[in-house]
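Read through the structure below, which is laid out as structure tokens, and then see the notes.
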Amino acid sequence: MNQRQQGAFRTRPEHRWPVLIALAVGAGLYAFLPTEASGILRYVVVGAGVLCAIPMVVTNPSRLTRESRLGRGFALAFTAVLLLANQVALVLLVHQLLQGQGDGAGTLLGAAQVWAINVIGYAVVYWEMDRGGPIARRRDARDDLPPADFQFPQDSDRDAVSEVRRRSSDVEDWAPGYVDYLYFSASNAMAFSPTDVMPLSSRAKLFMMVQAVSGFILLALVIARSVNILN
């Protein structure tokens, strides 16, 4: 699709709905955390999610075509609330796992929910942070974009075989979307290290490190508690 067909955008603008659905799932998972791990914070998270979704949808109801500090600010604000509340839940769940408190199955399910919320929330952080954000990545000329925080495989496939090269950033003018960052966030949370996406900036490495460390602590304690329950 050429620039004349899509206005001022270099490549087709990204859909709003993947990130909105992911944030709704994250808020829903938090709302159904065990009471001991969330308490009154569940109402704060759900309320913040509803309030923040309105300007996000009004600003860009379908595709991300309008740069708006308000819409982006609300998206980042809700993500911050979700991740901070989730870290509180993580600390409470870790305490329960260490003390052997609470219902075993309920605590393990809560740990899985906390892990999934982390994946969703950090994916939004990476999505908003990299190369100026979702709108700039697809609108601005590559030479005008801020330095990349992450390198995707498509960014270095220009010398690959023909069928792979056709999906590269150079040939297709490819730009990562939320689903790409969601996959990357999930792989970082499971592998505790870069897989096919490499962090380039210090801030990217710090965010990945915090996500990986929290995931590792949670997984280690879940495995220990599971073994204890089975025995």
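Residues in the structure tokens are named by chain (A, B, ... in the order shown) and by number from 1 within that chain; ligands are numbered from 1 in the order shown.
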
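The environment of Pro147 in chain A within 9 Å, counting only C-alpha atoms and disregarding residues fewer than 4 places along the same chain, consists of Asp130, Arg131, Gly132, Leu200 and Ser201 of chain A.
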
DSSP helix (DSSP H, G or I) residues within range 45-95 of chain A, listed as a PyMOL selection string: chain A and resi 45-59+69-95

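Take the candidates A:Ser162, A:Gln96, A:Ser68, A:Ser62 and check each one against Gly133 in chain A using only C-alpha atoms; the shortest distance goes to A:Ser68.
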
Just want the 8 Å neighbourhood of range 16-31 of chain A, counted on only C-alpha atoms, with same-chain residues fewer than 5 positions away dropped. Output as an mmCIF file with C-alpha atoms, in the first residue's frame.
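Written file, out.cif:
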data_model
loop_
_atom_site.group_PDB
_atom_site.id
_atom_site.type_symbol
_atom_site.label_atom_id
_atom_site.label_comp_id
_atom_site.auth_asym_id
_atom_site.auth_seq_id
_atom_site.Cartn_x
_atom_site.Cartn_y
_atom_site.Cartn_z
ATOM 1 C CA SER A 38 -5.336 -8.168 45.545
ATOM 2 C CA ARG A 42 -8.764 -4.951 42.285
ATOM 3 C CA TYR A 43 -11.343 -2.157 42.284
ATOM 4 C CA VAL A 45 -7.296 -1.570 38.648
ATOM 5 C CA VAL A 46 -10.706 -2.236 37.088
ATOM 6 C CA GLY A 49 -8.985 0.371 33.177
ATOM 7 C CA ALA A 53 -10.073 2.945 27.864
ATOM 8 C CA VAL A 57 -10.872 4.527 22.053
ATOM 9 C CA ASN A 60 -8.154 6.165 17.873
ATOM 10 C CA PRO A 61 -11.342 4.086 17.620
ATOM 11 C CA SER A 62 -10.056 1.581 15.043
ATOM 12 C CA ARG A 63 -6.520 2.144 13.813
ATOM 13 C CA LEU A 64 -3.776 4.176 15.464
ATOM 14 C CA THR A 79 -0.286 0.051 32.347
ATOM 15 C CA LEU A 82 -1.687 -2.564 36.423
ATOM 16 C CA ASN A 86 0.596 -6.710 40.067
ATOM 17 C CA GLN A 113 -2.483 -14.939 36.746
ATOM 18 C CA VAL A 114 0.266 -12.640 38.057
ATOM 19 C CA ALA A 116 0.214 -13.523 32.634
ATOM 20 C CA ILE A 117 -0.506 -9.936 33.746
ATOM 21 C CA ILE A 120 0.635 -8.288 29.026
ATOM 22 C CA GLY A 121 1.793 -5.186 30.902
ATOM 23 C CA VAL A 124 2.597 -2.559 26.408
ATOM 24 C CA TYR A 178 1.591 -5.153 19.740
ATOM 25 C CA VAL A 179 1.352 -8.883 19.009
#

Residues of range 16-227 of chain A in strand (DSSP E or B), written as a ChimeraX atom specification: /A:63,150-151,198-199

Atoms to include: C-alpha atoms. Write the selected residues as a PDB file, in the first residue's frame.
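Everything below was put into out_18.pdb:
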ATOM      1  CA  ARG A  63      -6.520   2.144  13.813  1.00  0.00           C
ATOM      2  CA  PHE A 150      14.818  -3.645  20.220  1.00  0.00           C
ATOM      3  CA  GLN A 151      16.036  -5.458  17.125  1.00  0.00           C
ATOM      4  CA  MET A 198      17.557  -8.352  21.114  1.00  0.00           C
ATOM      5  CA  PRO A 199      17.495  -5.366  23.525  1.00  0.00           C
TER       6      PRO A 199
END

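Pairwise distance (CA of Gly215 in chain A, CA of Asp196 in chain A) equals 18.7 Å.
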
Interatomic distance between CA of Gln211 in chain A and CA of Phe192 in chain A? 8.3 Å

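Proximity ranking of A:Leu92, A:Leu70, A:Leu218, A:Leu108 relative to Pro55 in chain A places A:Leu70 first, based on only C-alpha atoms.
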
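Candidate residues A:Ala136, A:Val81, A:Ala212, A:Ala75 were compared for distance to Ala175 in chain A, and the nearest is A:Ala136, using only C-alpha atoms.
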